[in-house]
>>> print(open('upload.cif').read())   # mmCIF, C-alpha atoms and all ligand atoms
data_target
loop_
_atom_site.label_atom_id
_atom_site.label_comp_id
_atom_site.auth_asym_id
_atom_site.auth_seq_id
_atom_site.Cartn_x
_atom_site.Cartn_y
_atom_site.Cartn_z
CA MET A 276 -4.42 99.44 -41.34
CA ASN A 277 -3.65 102.18 -38.81
CA ALA A 278 -4.21 101.35 -35.14
CA GLU A 279 -6.77 103.38 -33.24
CA VAL A 280 -5.68 106.66 -31.67
CA LEU A 281 -5.18 106.29 -27.90
CA LEU A 282 -3.96 109.77 -27.03
CA GLN A 283 -4.52 113.01 -28.90
CA VAL A 284 -2.95 116.27 -27.73
CA GLU A 285 -4.07 119.53 -29.35
CA GLY A 286 -2.65 123.02 -28.83
CA LEU A 287 -1.20 122.07 -25.43
CA LYS A 288 0.40 124.90 -23.49
CA LYS A 289 2.00 125.08 -20.08
CA TYR A 290 3.05 128.59 -19.05
CA TYR A 291 4.49 129.38 -15.62
CA PRO A 292 4.07 132.92 -14.25
CA ALA A 293 7.48 134.60 -13.88
CA GLY A 294 6.71 138.05 -12.41
CA SER A 295 6.35 141.29 -14.37
CA ASP A 296 8.62 143.37 -16.59
CA LEU A 297 10.81 146.18 -15.22
CA PHE A 298 7.90 148.63 -15.10
CA GLY A 299 5.54 146.15 -13.54
CA ARG A 300 3.11 146.43 -16.47
CA LYS A 301 3.50 143.32 -18.52
CA LYS A 302 3.25 139.88 -16.92
CA ARG A 303 5.96 137.46 -17.99
CA TYR A 304 5.69 133.72 -18.43
CA VAL A 305 8.00 130.76 -18.90
CA ARG A 306 6.57 129.09 -22.01
CA ALA A 307 7.55 125.55 -21.12
CA VAL A 308 5.10 123.89 -23.53
CA ASP A 309 4.00 126.22 -26.29
CA GLY A 310 1.20 124.86 -28.44
CA ILE A 311 1.92 121.18 -29.03
CA ASP A 312 -0.09 118.72 -31.14
CA LEU A 313 0.62 114.99 -30.82
CA THR A 314 -1.11 111.76 -31.73
CA ILE A 315 -0.19 108.37 -30.25
CA ARG A 316 -1.79 105.19 -31.58
CA ARG A 317 -2.59 102.21 -29.39
CA GLY A 318 0.33 99.81 -29.03
CA GLU A 319 2.86 102.28 -30.46
CA THR A 320 5.81 104.09 -28.94
CA LEU A 321 6.25 107.77 -29.63
CA GLY A 322 9.85 108.81 -28.90
CA LEU A 323 10.14 112.45 -27.78
CA VAL A 324 13.66 113.83 -28.21
CA GLY A 325 15.45 117.11 -27.66
CA GLU A 326 18.32 118.61 -25.67
CA SER A 327 18.12 118.91 -21.88
CA GLY A 328 16.08 121.98 -21.00
CA CYS A 329 13.68 121.83 -23.95
CA ARG A 330 10.90 120.88 -21.48
CA LYS A 331 10.18 117.33 -22.65
CA SER A 332 9.42 116.23 -19.09
CA THR A 333 6.97 119.12 -18.60
CA LEU A 334 5.11 117.90 -21.68
CA GLY A 335 5.08 114.31 -20.34
CA LYS A 336 3.71 115.38 -16.95
CA SER A 337 1.17 117.74 -18.55
CA VAL A 338 -0.20 114.91 -20.66
CA LEU A 339 -0.91 112.98 -17.44
CA ARG A 340 -2.18 116.10 -15.66
CA LEU A 341 0.50 115.63 -13.00
CA ILE A 342 0.92 119.32 -13.70
CA GLU A 343 -2.11 121.22 -14.95
CA PRO A 344 -1.81 122.52 -18.52
CA THR A 345 -2.54 126.19 -19.15
CA GLU A 346 -4.46 125.58 -22.37
CA GLY A 347 -5.25 122.89 -24.91
CA ARG A 348 -7.05 119.60 -25.18
CA ILE A 349 -5.94 116.08 -24.22
CA THR A 350 -8.14 113.21 -25.40
CA PHE A 351 -7.39 109.80 -23.93
CA GLU A 352 -9.48 106.77 -24.90
CA GLY A 353 -11.90 109.27 -26.51
CA GLN A 354 -12.33 111.30 -23.28
CA ASP A 355 -11.27 114.91 -22.84
CA ILE A 356 -9.28 114.44 -19.63
CA LEU A 357 -8.94 118.17 -18.95
CA GLN A 358 -12.71 118.18 -18.27
CA LEU A 359 -12.49 115.42 -15.65
CA SER A 360 -12.92 116.19 -11.94
CA GLN A 361 -10.09 115.29 -9.57
CA ALA A 362 -11.93 112.12 -8.52
CA GLN A 363 -12.52 111.11 -12.16
CA MET A 364 -8.90 111.88 -12.99
CA ARG A 365 -7.73 109.70 -10.11
CA GLU A 366 -9.68 106.78 -11.62
CA MET A 367 -8.25 107.56 -15.06
CA ARG A 368 -4.70 107.43 -13.66
CA LYS A 369 -5.03 103.67 -13.33
CA GLN A 370 -4.75 103.67 -17.11
CA MET A 371 -1.97 106.29 -17.29
CA GLN A 372 1.27 105.69 -15.45
CA ILE A 373 4.78 107.16 -15.42
CA VAL A 374 8.31 105.76 -15.05
CA PHE A 375 10.85 108.38 -13.99
CA GLN A 376 14.54 108.75 -14.80
CA ASP A 377 16.14 108.22 -11.43
CA PRO A 378 14.87 104.97 -9.91
CA TYR A 379 16.44 105.69 -6.52
CA SER A 380 14.79 109.06 -5.92
CA SER A 381 11.41 107.80 -7.10
CA LEU A 382 11.42 105.00 -4.52
CA ASN A 383 10.66 105.29 -0.82
CA PRO A 384 13.84 104.01 0.89
CA ARG A 385 11.78 102.70 3.82
CA MET A 386 9.55 100.49 1.67
CA THR A 387 10.52 96.99 0.54
CA VAL A 388 10.10 95.85 -3.06
CA PHE A 389 6.93 94.08 -2.06
CA GLU A 390 5.43 97.14 -0.35
CA THR A 391 6.49 99.42 -3.22
CA VAL A 392 4.88 97.33 -5.93
CA ARG A 393 1.76 96.73 -3.82
CA SER A 394 1.26 100.41 -2.89
CA PRO A 395 -0.96 101.38 -5.90
CA LEU A 396 -3.27 98.42 -5.13
CA ASP A 397 -3.50 99.61 -1.51
CA ALA A 398 -4.16 103.19 -2.60
CA PHE A 399 -7.08 102.12 -4.80
CA GLY A 400 -8.28 99.36 -2.44
CA ILE A 401 -8.09 96.72 -5.17
CA GLY A 402 -8.44 93.00 -4.34
CA THR A 403 -8.23 91.02 -1.11
CA LYS A 404 -4.97 90.77 0.83
CA GLU A 405 -4.26 87.36 -0.72
CA GLU A 406 -5.09 88.55 -4.25
CA ARG A 407 -2.80 91.55 -3.87
CA GLU A 408 0.05 89.41 -2.58
CA LYS A 409 -0.23 86.98 -5.46
CA LYS A 410 -0.42 89.75 -8.04
CA VAL A 411 2.62 91.52 -6.58
CA MET A 412 4.72 88.35 -6.41
CA ASP A 413 3.81 87.37 -9.97
CA LEU A 414 4.72 90.82 -11.22
CA ILE A 415 8.01 90.94 -9.32
CA GLU A 416 9.03 87.76 -11.12
CA TYR A 417 7.63 88.98 -14.44
CA VAL A 418 10.02 91.99 -14.45
CA GLY A 419 13.00 89.75 -13.71
CA LEU A 420 13.38 90.07 -9.93
CA SER A 421 13.31 87.13 -7.55
CA ARG A 422 10.64 86.32 -4.95
CA HIS A 423 13.50 85.91 -2.47
CA GLN A 424 14.34 89.60 -2.88
CA MET A 425 10.88 90.96 -2.21
CA HIS A 426 11.49 91.96 1.40
CA ARG A 427 14.64 93.87 0.58
CA TYR A 428 14.97 97.67 0.44
CA PRO A 429 15.90 99.83 -2.59
CA HIS A 430 19.49 100.45 -1.42
CA GLU A 431 20.14 96.68 -1.60
CA PHE A 432 19.59 96.66 -5.38
CA SER A 433 21.50 97.82 -8.44
CA GLY A 434 20.22 100.69 -10.60
CA GLY A 435 18.82 98.27 -13.18
CA GLN A 436 17.00 96.24 -10.53
CA ARG A 437 15.54 99.41 -9.02
CA GLN A 438 14.23 100.42 -12.43
CA ARG A 439 12.61 96.97 -12.69
CA MET A 440 10.87 97.71 -9.37
CA ILE A 441 9.58 101.01 -10.75
CA ILE A 442 8.34 99.27 -13.89
CA ALA A 443 6.54 96.65 -11.78
CA ARG A 444 4.90 99.42 -9.72
CA ALA A 445 3.79 101.16 -12.93
CA LEU A 446 2.32 97.90 -14.29
CA ILE A 447 0.45 96.71 -11.21
CA LEU A 448 -2.75 98.63 -12.09
CA GLU A 449 -2.64 97.23 -15.64
CA PRO A 450 -2.40 100.58 -17.46
CA SER A 451 -2.73 101.00 -21.21
CA PHE A 452 -0.38 104.01 -21.43
CA ILE A 453 2.96 104.80 -19.76
CA VAL A 454 5.02 107.97 -19.96
CA CYS A 455 8.64 106.81 -19.75
CA ASP A 456 10.67 109.86 -18.71
CA GLU A 457 14.34 109.13 -19.50
CA PRO A 458 13.93 105.66 -17.92
CA VAL A 459 17.41 104.38 -18.80
CA SER A 460 19.50 107.59 -18.66
CA ALA A 461 20.68 106.97 -15.11
CA LEU A 462 21.68 103.35 -15.82
CA ASP A 463 25.03 101.92 -16.85
CA VAL A 464 25.32 101.38 -20.60
CA SER A 465 25.67 97.65 -20.00
CA ILE A 466 22.21 97.34 -18.43
CA ARG A 467 20.37 99.91 -20.55
CA SER A 468 19.61 97.46 -23.31
CA GLN A 469 18.35 94.86 -20.79
CA VAL A 470 15.81 97.33 -19.39
CA LEU A 471 14.87 98.56 -22.90
CA ASN A 472 14.33 94.99 -24.07
CA LEU A 473 12.22 94.28 -20.99
CA MET A 474 10.07 97.33 -21.77
CA GLN A 475 9.64 96.20 -25.38
CA ASP A 476 8.68 92.66 -24.32
CA ILE A 477 6.13 94.04 -21.84
CA GLN A 478 4.72 96.31 -24.53
CA LYS A 479 4.25 93.42 -26.93
CA GLU A 480 2.70 91.10 -24.36
CA ARG A 481 0.36 93.67 -22.79
CA GLY A 482 -0.37 95.90 -25.82
CA LEU A 483 0.98 98.95 -24.00
CA THR A 484 1.44 102.40 -25.52
CA TYR A 485 4.49 104.49 -24.56
CA LEU A 486 5.43 108.13 -24.70
CA PHE A 487 9.19 107.62 -24.43
CA ILE A 488 11.13 110.75 -23.47
CA SER A 489 14.88 110.79 -24.04
CA HIS A 490 17.74 113.08 -25.02
CA ASP A 491 19.53 110.01 -26.42
CA LEU A 492 18.71 109.40 -30.09
CA SER A 493 20.26 105.92 -30.09
CA VAL A 494 17.78 104.86 -27.39
CA VAL A 495 14.88 106.48 -29.24
CA LYS A 496 15.90 104.74 -32.45
CA HIS A 497 15.90 101.41 -30.64
CA ILE A 498 12.43 101.66 -29.12
CA SER A 499 10.22 104.09 -31.11
CA ASP A 500 7.67 103.64 -33.88
CA GLN A 501 7.17 107.39 -34.28
CA VAL A 502 9.53 110.19 -33.29
CA ALA A 503 8.81 113.82 -32.35
CA VAL A 504 11.66 116.33 -31.98
CA MET A 505 11.09 119.12 -29.46
CA TYR A 506 12.85 122.47 -29.29
CA LEU A 507 12.04 125.20 -26.80
CA GLY A 508 8.53 124.02 -26.03
CA ARG A 509 7.49 123.23 -29.61
CA ILE A 510 7.58 120.19 -31.90
CA VAL A 511 9.83 120.95 -34.88
CA GLU A 512 9.70 117.60 -36.67
CA ARG A 513 7.49 114.53 -36.47
CA ALA A 514 7.70 111.34 -38.53
CA SER A 515 8.05 107.58 -38.40
CA ARG A 516 11.34 106.26 -37.00
CA LYS A 517 12.44 105.17 -40.47
CA GLN A 518 11.67 108.53 -42.07
CA ILE A 519 13.31 110.62 -39.39
CA PHE A 520 16.49 108.58 -39.15
CA SER A 521 16.93 108.15 -42.91
CA ASN A 522 15.85 111.64 -43.91
CA PRO A 523 15.97 114.20 -41.07
CA GLN A 524 14.74 117.50 -42.53
CA HIS A 525 14.73 120.11 -39.78
CA PRO A 526 18.18 121.68 -39.21
CA TYR A 527 17.86 120.98 -35.47
CA THR A 528 17.10 117.29 -36.05
CA GLN A 529 19.99 117.10 -38.53
CA ALA A 530 22.34 118.51 -35.88
CA LEU A 531 21.12 116.01 -33.26
CA MET A 532 21.51 113.12 -35.74
CA SER A 533 25.02 114.17 -36.70
CA ALA A 534 26.12 113.65 -33.09
CA ILE A 535 25.08 109.95 -32.98
CA PRO A 536 28.23 107.79 -32.92
CA ILE A 537 28.62 105.49 -35.95
CA PRO A 538 29.97 102.01 -35.09
CA ASP A 539 31.53 101.57 -38.56
CA THR A 540 34.88 103.42 -38.58
CA GLU A 541 34.89 103.43 -42.40
CA VAL A 542 31.81 105.63 -42.53
CA LYS A 543 32.48 109.33 -42.05
CA ARG A 544 29.79 111.81 -41.12
CA LYS A 545 30.16 115.55 -40.71
CA ARG A 546 29.19 116.65 -37.22
CA ILE A 547 26.99 119.76 -37.14
CA VAL A 548 27.94 121.66 -34.02
CA LEU A 549 25.23 123.91 -32.64
CA THR A 550 26.63 127.03 -31.03
CA GLY A 551 25.10 128.61 -27.95
CA ASP A 552 22.65 127.26 -25.42
CA VAL A 553 18.94 126.71 -25.75
CA PRO A 554 17.47 130.24 -25.26
CA SER A 555 15.33 130.99 -22.21
CA PRO A 556 11.71 129.88 -22.59
CA MET A 557 10.80 133.12 -20.77
CA ASN A 558 12.03 135.14 -23.69
CA PRO A 559 12.15 132.86 -26.74
CA PRO A 560 13.49 134.33 -30.00
CA ALA A 561 10.86 135.84 -32.31
CA GLY A 562 9.93 134.03 -35.50
CA CYS A 563 11.47 130.57 -35.61
CA HIS A 564 12.67 129.81 -32.05
CA PHE A 565 15.68 128.05 -33.53
CA HIS A 566 16.97 130.98 -35.65
CA THR A 567 19.61 132.07 -33.12
CA ARG A 568 21.41 128.71 -33.58
CA CYS A 569 20.41 127.68 -37.08
CA PRO A 570 23.17 127.64 -39.72
CA TYR A 571 20.59 128.30 -42.47
CA ALA A 572 18.62 131.17 -40.87
CA GLU A 573 17.31 133.83 -43.26
CA ALA A 574 15.56 137.15 -42.68
CA GLN A 575 12.14 135.51 -42.81
CA CYS A 576 13.13 133.18 -39.96
CA THR A 577 13.60 136.07 -37.52
CA GLU A 578 10.11 137.44 -38.20
CA GLU A 579 7.78 134.62 -39.03
CA ALA A 580 7.26 131.42 -37.04
CA PRO A 581 7.08 128.41 -39.38
CA SER A 582 4.15 126.02 -38.92
CA LEU A 583 4.32 122.22 -39.10
CA LYS A 584 3.83 121.14 -42.71
CA GLU A 585 3.71 117.71 -44.26
CA THR A 586 6.70 117.32 -46.57
CA GLU A 587 6.01 113.68 -47.46
CA PRO A 588 3.20 111.39 -46.23
CA GLY A 589 3.46 111.18 -42.43
CA HIS A 590 6.51 113.48 -42.20
CA TRP A 591 5.88 116.90 -40.62
CA VAL A 592 8.47 119.67 -40.39
CA SER A 593 8.39 123.20 -39.01
CA CYS A 594 10.94 125.11 -41.12
CA HIS A 595 10.61 127.75 -43.86
CA LEU A 596 13.31 125.99 -45.88
CA CYS A 597 11.30 122.77 -45.99
CA SER A 598 8.13 124.56 -47.13
CA SER A 599 6.75 124.29 -50.62
CA ASN A 600 3.43 124.87 -52.31
CA LYS A 601 2.86 121.13 -52.44
CA GLN A 602 2.94 120.79 -48.67
CA LYS A 603 -0.23 120.63 -46.64
CA GLU A 604 -0.76 122.44 -43.38
CA GLY A 605 -2.68 120.74 -40.58
CA THR A 606 -2.39 118.60 -37.48
CA PRO A 607 0.04 115.67 -37.50
FE1 LIG B 1 16.48 127.49 -39.56
FE2 LIG B 1 14.80 129.25 -40.60
FE3 LIG B 1 14.25 126.67 -40.73
FE4 LIG B 1 14.12 127.96 -38.41
S1 LIG B 1 12.82 128.32 -40.18
S2 LIG B 1 15.02 125.98 -38.75
S3 LIG B 1 15.82 129.38 -38.62
S4 LIG B 1 15.96 127.72 -41.71
#
>>> encode(input="upload.cif", output="structure tokens", more="lines below")
Ligand code: SF4
Amino acid sequence: MNAEVLLQVEGLKKYYPAGSDLFGRKKRYVRAVDGIDLTIRRGETLGLVGESGCRKSTLGKSVLRLIEPTEGRITFEGQDILQLSQAQMREMRKQMQIVFQDPYSSLNPRMTVFETVRSPLDAFGIGTKEEREKKVMDLIEYVGLSRHQMHRYPHEFSGGQRQRMIIARALILEPSFIVCDEPVSALDVSIRSQVLNLMQDIQKERGLTYLFISHDLSVVKHISDQVAVMYLGRIVERASRKQIFSNPQHPYTQALMSAIPIPDTEVKRKRIVLTGDVPSPMNPPAGCHFHTRCPYAEAQCTEEAPSLKETEPGHWVSCHLCSSNKQKEGTP
């Protein structure tokens, strides 16, 4: 049986004003997030992948209203959070936390581990002094740090330990949903899997739901239940981890997959090299945004934007080549 939906995103857009055209008539916008639909079920991890610059982080922050979306609807725990006042949204944030990529820059260098992890409790005035202290110390140990280290400062820790501090800070308010924005990208390969395993253990024990943003498909494969592939502000493919890794259908996803290293030297895979950079989101190509880099582009692709269509149960692809009369249009 499918788990209940925790977060539903419909038609989400985030446009930034970028001045006017040469004649000062037409206003221009950076279309960072350009009409995205997503569903995340309770207890699941949705992996969001794409090259750097495809605005994955903007989507993650928009979902939490850390930046205000331009248009769309975000339903969390059945509530339309774009309709909440600032005070109501502040309360809601107890349930919705974020872990950023660079643990060092997201920590205050003048605060000890103890003060860092306690700070959300202070901000919301939760518990007595003794209750806060106990909760913080328990959580510090829970994420694999020692009580003896709790009065030390961020610079006295390794990158992996700092990320454990950030995770503890995100957990202290007992959220149900965490946006993990490239949480292991800045870490050494040797400690990435330790932090990933910790995040998986925490998820299992606390029933957490993750939106896990990464440019690294190996990491996404390790941690995700569902995967969404983003290109230039839009989702181009969405499916379960198994479906997307065994049968990638969008040419962009196929190119990303072809770049994953294979441990078995006997197995050969042809690398699909994408030429050119991701185009500017201020002036995205007409039709399919990917047509300027797609090896299969046809005339139709330059004129008509493909919509997401279901090509097999639970597998949604936005590509004219993957379309057929049997496919259903709708919201994944
Ligand atoms: Fe390539 Fe056309 Fe499919 Fe876009 S719609 S991914 S350009 S084949």
>>> residues_near_ligand(input="upload.cif", ligand="ligand LIG 1 (chain B)", cutoff="7 Å", atoms="all atoms listed in the file", output="PyMOL selection string")
chain A and resi 525-527+563-566+569-573+576+581+593-596
>>> closest_residue(input="upload.cif", among="A:Tyr379, A:Leu396, A:Tyr417, A:Gly435", to="Ser465 in chain A", atoms="all atoms listed in the file")
A:Gly435
>>> atom_distance(input="upload.cif", atom1="CA of Gly508 in chain A", atom2="CA of Asp491 in chain A")
17.8 Å
>>> residues_around(input="upload.cif", residues="range 493-506 of chain A", least_positions_apart="3", cutoff="7 Å", atoms="all atoms listed in the file", output="list in words")
Glu319, Thr320, Leu321, Gly322, Leu323, Val324, Gly325, Cys329, Ser489, Arg509, Ile510, Val511, Glu512, Arg513, Ala514, Ser515, Arg516, Thr528 and Ile535 of chain A
>>> atom_distance(input="upload.cif", atom1="CA of Ser381 in chain A", atom2="CA of Pro292 in chain A")
27.1 Å
>>> atom_distance(input="upload.cif", atom1="CA of Leu473 in chain A", atom2="CA of Phe389 in chain A")
19.7 Å
>>> closest_residue(input="upload.cif", among="A:Glu390, A:Glu578, A:Glu326, A:Asp377", to="Arg437 in chain A", atoms="all atoms listed in the file")
A:Asp377
>>> closest_residue(input="upload.cif", among="A:Leu483, A:Leu507, A:Val280, A:Ile441", to="Phe375 in chain A", atoms="only C-alpha atoms")
A:Ile441
>>> axis_aligned_box(input="upload.cif", around="range 574-580 of chain A", padding_each_side="5 Å", output="lines of an AutoDock Vina configuration file")
center_x = 11.4
center_y = 134.4
center_z = -39.9
size_x = 18.3
size_y = 16.0
size_z = 15.8
>>> closest_residue(input="upload.cif", among="A:Leu583, A:Met557, A:Met386, A:Leu414", to="Arg306 in chain A", atoms="all atoms listed in the file")
A:Met557
>>> residues_around(input="upload.cif", residues="Asp309 in chain A", least_positions_apart="5", cutoff="8 Å", atoms="all atoms listed in the file", output="PyMOL selection string")
chain A and resi 286-290+508-509
>>> closest_residue(input="upload.cif", among="A:Lys584, A:His430, A:Arg316, A:Lys545", to="Phe351 in chain A", atoms="all atoms listed in the file")
A:Arg316
>>> closest_residue(input="upload.cif", among="A:Pro554, A:Pro378, A:Pro429, A:Pro560", to="Ser327 in chain A", atoms="all atoms listed in the file")
A:Pro554
>>> residues_around(input="upload.cif", residues="Ile477 in chain A", least_positions_apart="5", cutoff="12 Å", atoms="all atoms listed in the file", output="PyMOL selection string")
chain A and resi 318+414+417-419+439+442-443+445-446+449-453+470-472+482-485
>>> residues_near_point(input="upload.cif", point="(7.7, 88.6, -3.9)", cutoff="10 Å", atoms="all atoms listed in the file", output="ChimeraX atom specification")
/A:387-390,392,408-416,420-427
>>> residues_around(input="upload.cif", residues="range 399-404 of chain A", least_positions_apart="2", cutoff="12 Å", atoms="all atoms listed in the file", output="VMD selection string")
chain A and resid 362 365 to 369 393 to 397 406 to 411 447 to 449
>>> build_atoms(input="upload.cif", residues="range 379-392 of chain A", atoms="N, CA and C atoms", output="short mmCIF file (atom, residue, chain, number, x, y, z; two decimals), in the frame of the given file")
data_model
loop_
_atom_site.label_atom_id
_atom_site.label_comp_id
_atom_site.auth_asym_id
_atom_site.auth_seq_id
_atom_site.Cartn_x
_atom_site.Cartn_y
_atom_site.Cartn_z
N TYR A 379 16.21 105.62 -7.96
CA TYR A 379 16.44 105.69 -6.52
C TYR A 379 15.58 106.77 -5.89
N SER A 380 15.55 107.98 -6.54
CA SER A 380 14.79 109.06 -5.92
C SER A 380 13.29 108.88 -6.09
N SER A 381 12.85 107.99 -6.99
CA SER A 381 11.41 107.80 -7.10
C SER A 381 10.93 106.61 -6.28
N LEU A 382 11.82 106.08 -5.43
CA LEU A 382 11.42 105.00 -4.52
C LEU A 382 11.49 105.48 -3.08
N ASN A 383 10.60 104.98 -2.25
CA ASN A 383 10.66 105.29 -0.82
C ASN A 383 11.68 104.35 -0.19
N PRO A 384 12.78 104.89 0.37
CA PRO A 384 13.84 104.01 0.89
C PRO A 384 13.39 103.14 2.05
N ARG A 385 12.25 103.49 2.67
CA ARG A 385 11.78 102.70 3.82
C ARG A 385 10.77 101.63 3.43
N MET A 386 10.50 101.52 2.12
CA MET A 386 9.55 100.49 1.67
C MET A 386 10.28 99.38 0.93
N THR A 387 9.91 98.13 1.24
CA THR A 387 10.52 96.99 0.54
C THR A 387 9.98 96.93 -0.90
N VAL A 388 10.59 96.05 -1.69
CA VAL A 388 10.10 95.85 -3.06
C VAL A 388 8.62 95.48 -3.02
N PHE A 389 8.30 94.56 -2.15
CA PHE A 389 6.93 94.08 -2.06
C PHE A 389 5.96 95.22 -1.75
N GLU A 390 6.32 96.03 -0.74
CA GLU A 390 5.43 97.14 -0.35
C GLU A 390 5.33 98.18 -1.46
N THR A 391 6.47 98.41 -2.14
CA THR A 391 6.49 99.42 -3.22
C THR A 391 5.55 99.02 -4.34
N VAL A 392 5.67 97.78 -4.78
CA VAL A 392 4.88 97.33 -5.93
C VAL A 392 3.40 97.21 -5.53
#
